[in-house]
file query-v6.txt (compact mmCIF, C-alpha atoms)
# COMPACT_ATOMS: atom_id res chain seq x y z
CA MET J 1 232.35 -125.09 50.08
CA THR J 2 232.35 -125.87 53.78
CA SER J 3 234.24 -123.74 56.23
CA PRO J 4 237.40 -125.28 57.78
CA VAL J 5 236.63 -123.48 61.06
CA THR J 6 234.79 -125.07 63.97
CA LEU J 7 231.84 -123.01 65.24
CA VAL J 8 230.76 -123.58 68.84
CA VAL J 9 227.40 -122.01 69.69
CA ARG J 10 226.97 -121.61 73.45
CA TYR J 11 224.00 -120.68 75.57
CA ARG J 12 224.42 -117.33 77.34
CA GLU J 13 225.13 -117.99 81.00
CA GLY J 14 222.36 -115.74 82.38
CA ASP J 15 219.71 -117.21 80.09
CA ARG J 16 220.94 -120.73 80.79
CA ALA J 17 220.71 -120.18 84.57
CA ALA J 18 217.21 -118.67 84.26
CA THR J 19 216.04 -121.60 82.13
CA GLU J 20 217.49 -124.13 84.57
CA GLU J 21 215.73 -122.42 87.49
CA THR J 22 212.44 -122.47 85.58
CA LEU J 23 212.94 -126.17 84.81
CA ARG J 24 213.67 -126.93 88.47
CA ARG J 25 210.47 -125.18 89.60
CA LEU J 26 208.46 -126.97 86.91
CA VAL J 27 209.91 -130.35 87.86
CA ARG J 28 209.15 -129.76 91.56
CA LYS J 29 205.56 -128.74 90.78
CA GLN J 30 205.01 -131.76 88.55
CA GLY J 31 206.46 -134.09 91.18
CA ALA J 32 204.32 -132.65 93.98
CA LEU J 33 201.21 -132.85 91.82
CA LEU J 34 201.93 -136.47 90.86
CA VAL J 35 202.42 -137.43 94.52
CA THR J 36 199.22 -135.61 95.52
CA LEU J 37 197.26 -137.24 92.71
CA GLY J 38 198.65 -140.66 93.65
CA VAL J 39 197.63 -140.22 97.30
CA LEU J 40 194.13 -138.98 96.41
CA LEU J 41 193.55 -141.72 93.85
CA GLY J 42 194.92 -144.31 96.28
CA ALA J 43 192.52 -143.14 99.00
CA LEU J 44 189.65 -143.12 96.52
CA VAL J 45 190.40 -146.68 95.43
CA LEU J 46 191.38 -148.01 98.85
CA ALA J 47 188.26 -146.88 100.76
CA PRO J 48 185.80 -149.09 98.82
CA LEU J 49 188.30 -151.98 98.87
CA ILE J 50 188.50 -151.84 102.66
CA GLY J 51 184.71 -151.78 102.84
CA ALA J 52 184.45 -154.78 100.51
CA ALA J 53 187.17 -156.67 102.39
CA THR J 54 185.26 -156.39 105.66
CA ALA J 55 182.11 -157.83 104.11
CA PRO J 56 180.81 -160.99 105.82
CA GLU J 57 181.20 -163.08 102.62
CA GLY J 58 185.00 -162.99 102.90
CA ILE J 59 187.68 -162.40 100.30
CA ASP J 60 188.23 -164.52 97.21
CA ALA J 61 191.06 -164.60 94.66
CA GLY J 62 189.17 -162.36 92.20
CA PHE J 63 188.88 -159.64 94.82
CA VAL J 64 192.60 -159.76 95.59
CA LEU J 65 193.47 -159.62 91.89
CA GLY J 66 191.07 -156.70 91.36
CA ALA J 67 192.53 -154.85 94.33
CA ILE J 68 196.07 -155.25 92.99
CA VAL J 69 195.03 -153.98 89.56
CA LEU J 70 193.16 -151.00 91.00
CA LEU J 71 196.04 -150.02 93.29
CA ALA J 72 198.63 -150.21 90.48
CA ALA J 73 197.77 -146.74 89.09
CA PRO J 74 198.12 -144.84 92.41
CA VAL J 75 201.37 -146.64 93.19
CA ALA J 76 202.72 -145.82 89.70
CA LEU J 77 201.77 -142.14 90.17
CA LEU J 78 203.53 -142.07 93.54
CA VAL J 79 206.69 -143.65 92.11
CA LEU J 80 206.75 -141.23 89.17
CA GLY J 81 206.13 -138.29 91.50
CA VAL J 82 209.05 -139.24 93.75
CA ARG J 83 211.29 -139.74 90.68
CA GLN J 84 210.24 -136.34 89.40
CA LEU J 85 211.04 -134.70 92.75
CA ARG J 86 214.56 -136.17 92.63
CA ARG J 87 215.33 -134.97 89.08
CA ARG J 88 217.71 -132.06 88.56
CA PRO J 89 217.49 -131.06 84.89
CA HIS J 90 220.17 -128.84 83.40
CA LEU J 91 221.04 -127.35 80.04
CA PRO J 92 224.35 -128.15 78.39
CA GLU J 93 226.82 -125.33 77.90
CA THR J 94 226.77 -125.62 74.11
CA ALA J 95 223.73 -125.55 71.84
CA VAL J 96 225.50 -126.93 68.75
CA THR J 97 229.02 -127.46 67.48
CA ILE J 98 229.64 -127.24 63.74
CA THR J 99 232.93 -128.79 62.64
CA PRO J 100 234.23 -129.13 59.08
CA SER J 101 232.72 -132.62 58.82
CA THR J 102 229.95 -132.87 61.45
CA VAL J 103 227.16 -131.06 63.25
CA GLU J 104 227.13 -132.07 66.93
CA PHE J 105 224.26 -131.60 69.38
CA PRO J 106 224.59 -132.30 73.12
CA ALA J 107 222.08 -134.34 75.12
CA ILE J 108 219.23 -132.27 76.57
CA ASP J 109 217.25 -133.07 79.73
CA ARG J 110 213.51 -132.62 79.50
CA PRO J 111 211.39 -131.47 82.44
CA SER J 112 208.97 -134.41 82.37
CA ALA J 113 209.57 -137.86 83.84
CA TRP J 114 207.32 -139.23 81.08
CA VAL J 115 209.54 -138.08 78.22
CA PRO J 116 213.10 -139.36 77.81
CA ARG J 117 215.97 -136.93 77.38
CA LYS J 118 217.08 -135.93 73.91
CA ARG J 119 220.17 -137.93 73.14
CA ALA J 120 223.37 -136.38 71.89
CA GLU J 121 223.58 -136.61 68.11
CA VAL J 122 226.35 -136.22 65.57
CA TRP J 123 225.19 -135.55 62.02
CA PRO J 124 227.32 -135.41 58.92
CA ARG J 125 227.71 -131.81 57.80
CA GLN J 126 227.03 -132.80 54.21
CA GLY J 127 223.34 -132.11 53.58
CA ALA J 128 222.78 -130.25 56.85
CA SER J 129 221.09 -126.87 56.61
CA ALA J 130 219.70 -124.18 58.89
CA GLN J 131 217.02 -121.56 58.61
CA ILE J 132 215.77 -118.83 60.88
CA ILE J 133 212.13 -119.22 61.94
CA ALA J 134 210.45 -116.02 63.11
CA ALA J 135 208.47 -115.90 66.34
CA SER J 136 204.82 -116.81 66.00
CA GLY J 137 202.17 -117.26 68.64
CA MET J 138 203.70 -118.82 71.74
CA GLN J 139 206.88 -119.98 69.99
CA ALA J 140 209.97 -117.80 70.20
CA ALA J 141 212.22 -117.12 67.23
CA ARG J 142 214.54 -120.04 66.58
CA VAL J 143 217.10 -121.55 64.26
CA MET J 144 215.91 -124.84 62.79
CA VAL J 145 218.79 -127.13 61.82
CA THR J 146 217.89 -130.07 59.58
CA GLY J 147 220.06 -132.96 58.46
CA GLN J 148 220.42 -136.71 58.10
CA HIS J 149 221.10 -138.91 61.12
CA GLU J 150 220.96 -142.73 61.13
CA GLY J 151 219.27 -142.70 57.73
CA LYS J 152 216.43 -140.42 58.81
CA ARG J 153 215.74 -136.75 58.24
CA ARG J 154 216.09 -134.97 61.61
CA GLN J 155 215.66 -131.46 62.90
CA ARG J 156 216.72 -129.63 66.02
CA ASN J 157 215.60 -126.17 67.12
CA ILE J 158 217.76 -123.63 68.93
CA ALA J 159 216.13 -120.62 70.58
CA ILE J 160 217.62 -117.43 69.19
CA GLY J 161 217.21 -115.43 72.38
CA SER J 162 219.50 -117.66 74.44
CA ILE J 163 222.58 -118.16 72.24
CA ASP J 164 225.78 -116.13 72.17
CA VAL J 165 226.14 -115.75 68.38
CA ASP J 166 224.07 -114.11 65.70
CA PRO J 167 221.71 -116.74 64.19
CA GLN J 168 222.77 -115.75 60.68
CA VAL J 169 226.27 -117.05 61.51
CA ILE J 170 224.80 -120.55 62.05
CA VAL J 171 222.88 -120.38 58.77
CA ASP J 172 225.96 -119.16 56.91
CA ALA J 173 228.16 -121.86 58.49
CA LEU J 174 225.90 -124.61 57.15
CA GLN J 175 225.32 -123.15 53.69
CA SER J 176 226.84 -125.14 50.90
CA PRO J 177 227.59 -123.79 47.40
call {"tool": "encode", "arguments": {"input": "query-v6.txt", "output": "structure tokens"}}
result
Amino acid sequence: MTSPVTLVVRYREGDRAATEETLRRLVRKQGALLVTLGVLLGALVLAPLIGAATAPEGIDAGFVLGAIVLLAAPVALLVLGVRQLRRRPHLPETAVTITPSTVEFPAIDRPSAWVPRKRAEVWPRQGASAQIIAASGMQAARVMVTGQHEGKRRQRNIAIGSIDVDPQVIVDALQSP
């Protein structure tokens, strides 16, 4: 029997702010490193191209095409680095909302420009379950919520140390008879 009450699991404000600050530092570091790598790789590629372009034989179409191909990687790294420096990732206020008929997850920004953000998802509550996973190695203790979404089996993890409710409450809310 499902509970008629809506459960809103929020991130604790202090933990949320600390995580956001860590994400901002990480994003800045990644952006600076991408820009630096783009400049170094560009200089490394550009120096021989300048030397070859000043050769007495002249420049042909193959050389121009090769130069464009070789300079594409440094330019791409520079563009990604600048995009990364402009990003401002943040955590949503809620981790999960469990209603009588659905399980709702907010969209989550990721710290990397290479990986898209996790989209917001709404799963049917029927068939959704949760279990507490103990800490192991580098992974913190978490609640793993599994369910069906768009015809596929999905799972989302919620760190136990950053939420404002006891994890057993989430497990109990999703238990079915």
call {"tool": "closest_residue", "arguments": {"input": "query-v6.txt", "among": "J:Lys118, J:Ala130, J:Glu20, J:Arg10", "to": "His90 (chain J)", "atoms": "all atoms listed in the file"}}
result
J:Glu20
call {"tool": "atom_distance", "arguments": {"input": "query-v6.txt", "atom1": "CA of Pro74 (chain J)", "atom2": "CA of Asp60 (chain J)"}}
result
22.5 Å
call {"tool": "closest_residue", "arguments": {"input": "query-v6.txt", "among": "J:Ile158, J:Leu78, J:Ile170, J:Leu23", "to": "Ile98 (chain J)", "atoms": "all atoms listed in the file"}}
result
J:Ile170
call {"tool": "closest_residue", "arguments": {"input": "query-v6.txt", "among": "J:Leu70, J:Leu91, J:Ser136, J:Val82", "to": "Ala43 (chain J)", "atoms": "only C-alpha atoms"}}
result
J:Leu70
call {"tool": "residues_around", "arguments": {"input": "query-v6.txt", "residues": "Arg25 (chain J)", "least_positions_apart": "6", "cutoff": "12 Å", "atoms": "all atoms listed in the file", "output": "list in words"}}
result
Ala18, Thr19, Gly31, Ala32, Gln84, Leu85, Arg87, Arg88, Pro89, Pro111 and Ser112 of chain J
call {"tool": "residues_near_point", "arguments": {"input": "query-v6.txt", "point": "(222.8, -130.2, 54.9)", "cutoff": "10 Å", "atoms": "only C-alpha atoms", "output": "PyMOL selection string"}}
result
chain J and resi 103+123-130+145-148+174-176
call {"tool": "closest_residue", "arguments": {"input": "query-v6.txt", "among": "J:Gly161, J:Pro106, J:Gly62, J:Pro167", "to": "Val122 (chain J)", "atoms": "all atoms listed in the file"}}
result
J:Pro106
call {"tool": "atom_distance", "arguments": {"input": "query-v6.txt", "atom1": "CA of Pro92 (chain J)", "atom2": "CA of Gly151 (chain J)"}}
result
25.8 Å
call {"tool": "atom_distance", "arguments": {"input": "query-v6.txt", "atom1": "CA of Val171 (chain J)", "atom2": "CA of Val143 (chain J)"}}
result
8.1 Å
call {"tool": "closest_residue", "arguments": {"input": "query-v6.txt", "among": "J:Gln139, J:Arg119, J:Arg110, J:Leu7", "to": "Ala159 (chain J)", "atoms": "all atoms listed in the file"}}
result
J:Gln139
call {"tool": "residues_around", "arguments": {"input": "query-v6.txt", "residues": "Val5 (chain J)", "least_positions_apart": "4", "cutoff": "10 Å", "atoms": "only C-alpha atoms", "output": "list in words"}}
result
Ile98, Thr99, Pro100 and Ala173 of chain J
call {"tool": "closest_residue", "arguments": {"input": "query-v6.txt", "among": "J:Ala52, J:Asp109, J:Val96, J:Leu46", "to": "Arg24 (chain J)", "atoms": "only C-alpha atoms"}}
result
J:Asp109
call {"tool": "axis_aligned_box", "arguments": {"input": "query-v6.txt", "around": "region 62-79 of chain J", "padding_each_side": "6 Å", "output": "JSON"}}
result
{"center_x": 197.8, "center_y": -152.2, "center_z": 92.3, "size_x": 29.8, "size_y": 32.3, "size_z": 18.5}
call {"tool": "residues_around", "arguments": {"input": "query-v6.txt", "residues": "Gly42 (chain J)", "least_positions_apart": "5", "cutoff": "10 Å", "atoms": "only C-alpha atoms", "output": "PDB file with C-alpha atoms, in the frame of the given file"}}
result
ATOM      1  CA  THR J  36     199.220-135.610  95.520  1.00  0.00           C
ATOM      2  CA  LEU J  37     197.260-137.240  92.710  1.00  0.00           C
ATOM      3  CA  ALA J  47     188.260-146.880 100.760  1.00  0.00           C
ATOM      4  CA  LEU J  70     193.160-151.000  91.000  1.00  0.00           C
ATOM      5  CA  LEU J  71     196.040-150.020  93.290  1.00  0.00           C
ATOM      6  CA  ALA J  72     198.630-150.210  90.480  1.00  0.00           C
ATOM      7  CA  ALA J  73     197.770-146.740  89.090  1.00  0.00           C
ATOM      8  CA  PRO J  74     198.120-144.840  92.410  1.00  0.00           C
ATOM      9  CA  VAL J  75     201.370-146.640  93.190  1.00  0.00           C
ATOM     10  CA  LEU J  77     201.770-142.140  90.170  1.00  0.00           C
ATOM     11  CA  LEU J  78     203.530-142.070  93.540  1.00  0.00           C
TER      12      LEU J  78
END
call {"tool": "residues_around", "arguments": {"input": "query-v6.txt", "residues": "Val9 (chain J)", "least_positions_apart": "5", "cutoff": "9 Å", "atoms": "only C-alpha atoms", "output": "number ranges by chain"}}
result
J: 93-98, 163-165, 170
call {"tool": "write_last_selection", "arguments": {"input": "query-v6.txt", "atoms": "C-alpha atoms", "output": "PDB file, in the frame of the given file"}}
result
ATOM      1  CA  GLU J  93     226.820-125.330  77.900  1.00  0.00           C
ATOM      2  CA  THR J  94     226.770-125.620  74.110  1.00  0.00           C
ATOM      3  CA  ALA J  95     223.730-125.550  71.840  1.00  0.00           C
ATOM      4  CA  VAL J  96     225.500-126.930  68.750  1.00  0.00           C
ATOM      5  CA  THR J  97     229.020-127.460  67.480  1.00  0.00           C
ATOM      6  CA  ILE J  98     229.640-127.240  63.740  1.00  0.00           C
ATOM      7  CA  ILE J 163     222.580-118.160  72.240  1.00  0.00           C
ATOM      8  CA  ASP J 164     225.780-116.130  72.170  1.00  0.00           C
ATOM      9  CA  VAL J 165     226.140-115.750  68.380  1.00  0.00           C
ATOM     10  CA  ILE J 170     224.800-120.550  62.050  1.00  0.00           C
TER      11      ILE J 170
END
call {"tool": "residues_near_point", "arguments": {"input": "query-v6.txt", "point": "(215.5, -122.0, 61.5)", "cutoff": "6 Å", "atoms": "all atoms listed in the file", "output": "PyMOL selection string"}}
result
chain J and resi 130-133+142-144
call {"tool": "build_atoms", "arguments": {"input": "query-v6.txt", "residues": "region 50-66 of chain J", "atoms": "N, CA and C atoms", "output": "PDB file, in the coordinates of the input"}}
result
ATOM      1  N   ILE J  50     188.534-151.494 101.234  1.00  0.00           N
ATOM      2  CA  ILE J  50     188.500-151.840 102.660  1.00  0.00           C
ATOM      3  C   ILE J  50     187.078-152.215 103.063  1.00  0.00           C
ATOM      4  N   GLY J  51     186.112-151.460 102.539  1.00  0.00           N
ATOM      5  CA  GLY J  51     184.710-151.780 102.840  1.00  0.00           C
ATOM      6  C   GLY J  51     184.329-153.153 102.298  1.00  0.00           C
ATOM      7  N   ALA J  52     184.775-153.476 101.093  1.00  0.00           N
ATOM      8  CA  ALA J  52     184.450-154.780 100.510  1.00  0.00           C
ATOM      9  C   ALA J  52     185.196-155.903 101.220  1.00  0.00           C
ATOM     10  N   ALA J  53     186.389-155.632 101.710  1.00  0.00           N
ATOM     11  CA  ALA J  53     187.170-156.670 102.390  1.00  0.00           C
ATOM     12  C   ALA J  53     186.577-157.028 103.748  1.00  0.00           C
ATOM     13  N   THR J  54     185.861-156.099 104.356  1.00  0.00           N
ATOM     14  CA  THR J  54     185.260-156.390 105.660  1.00  0.00           C
ATOM     15  C   THR J  54     183.857-156.981 105.540  1.00  0.00           C
ATOM     16  N   ALA J  55     183.435-157.239 104.319  1.00  0.00           N
ATOM     17  CA  ALA J  55     182.110-157.830 104.110  1.00  0.00           C
ATOM     18  C   ALA J  55     182.081-159.242 104.708  1.00  0.00           C
ATOM     19  N   PRO J  56     180.894-159.681 105.171  1.00  0.00           N
ATOM     20  CA  PRO J  56     180.810-160.990 105.820  1.00  0.00           C
ATOM     21  C   PRO J  56     181.069-162.175 104.885  1.00  0.00           C
ATOM     22  N   GLU J  57     180.986-161.960 103.547  1.00  0.00           N
ATOM     23  CA  GLU J  57     181.200-163.080 102.620  1.00  0.00           C
ATOM     24  C   GLU J  57     182.661-163.518 102.562  1.00  0.00           C
ATOM     25  N   GLY J  58     183.578-162.648 102.949  1.00  0.00           N
ATOM     26  CA  GLY J  58     185.000-162.990 102.900  1.00  0.00           C
ATOM     27  C   GLY J  58     185.652-162.482 101.619  1.00  0.00           C
ATOM     28  N   ILE J  59     186.897-162.864 101.440  1.00  0.00           N
ATOM     29  CA  ILE J  59     187.680-162.400 100.300  1.00  0.00           C
ATOM     30  C   ILE J  59     188.043-163.592  99.437  1.00  0.00           C
ATOM     31  N   ASP J  60     187.835-163.451  98.121  1.00  0.00           N
ATOM     32  CA  ASP J  60     188.230-164.520  97.210  1.00  0.00           C
ATOM     33  C   ASP J  60     189.397-164.037  96.338  1.00  0.00           C
ATOM     34  N   ALA J  61     189.892-164.904  95.492  1.00  0.00           N
ATOM     35  CA  ALA J  61     191.060-164.600  94.660  1.00  0.00           C
ATOM     36  C   ALA J  61     190.757-163.478  93.665  1.00  0.00           C
ATOM     37  N   GLY J  62     189.554-163.417  93.141  1.00  0.00           N
ATOM     38  CA  GLY J  62     189.170-162.360  92.200  1.00  0.00           C
ATOM     39  C   GLY J  62     189.231-160.992  92.845  1.00  0.00           C
ATOM     40  N   PHE J  63     188.834-160.920  94.098  1.00  0.00           N
ATOM     41  CA  PHE J  63     188.880-159.640  94.820  1.00  0.00           C
ATOM     42  C   PHE J  63     190.327-159.183  95.010  1.00  0.00           C
ATOM     43  N   VAL J  64     191.189-160.107  95.386  1.00  0.00           N
ATOM     44  CA  VAL J  64     192.600-159.760  95.590  1.00  0.00           C
ATOM     45  C   VAL J  64     193.226-159.297  94.283  1.00  0.00           C
ATOM     46  N   LEU J  65     192.940-159.997  93.194  1.00  0.00           N
ATOM     47  CA  LEU J  65     193.470-159.620  91.890  1.00  0.00           C
ATOM     48  C   LEU J  65     192.940-158.242  91.467  1.00  0.00           C
ATOM     49  N   GLY J  66     191.667-158.002  91.675  1.00  0.00           N
ATOM     50  CA  GLY J  66     191.070-156.700  91.360  1.00  0.00           C
ATOM     51  C   GLY J  66     191.673-155.583  92.190  1.00  0.00           C
TER      52      GLY J  66
END
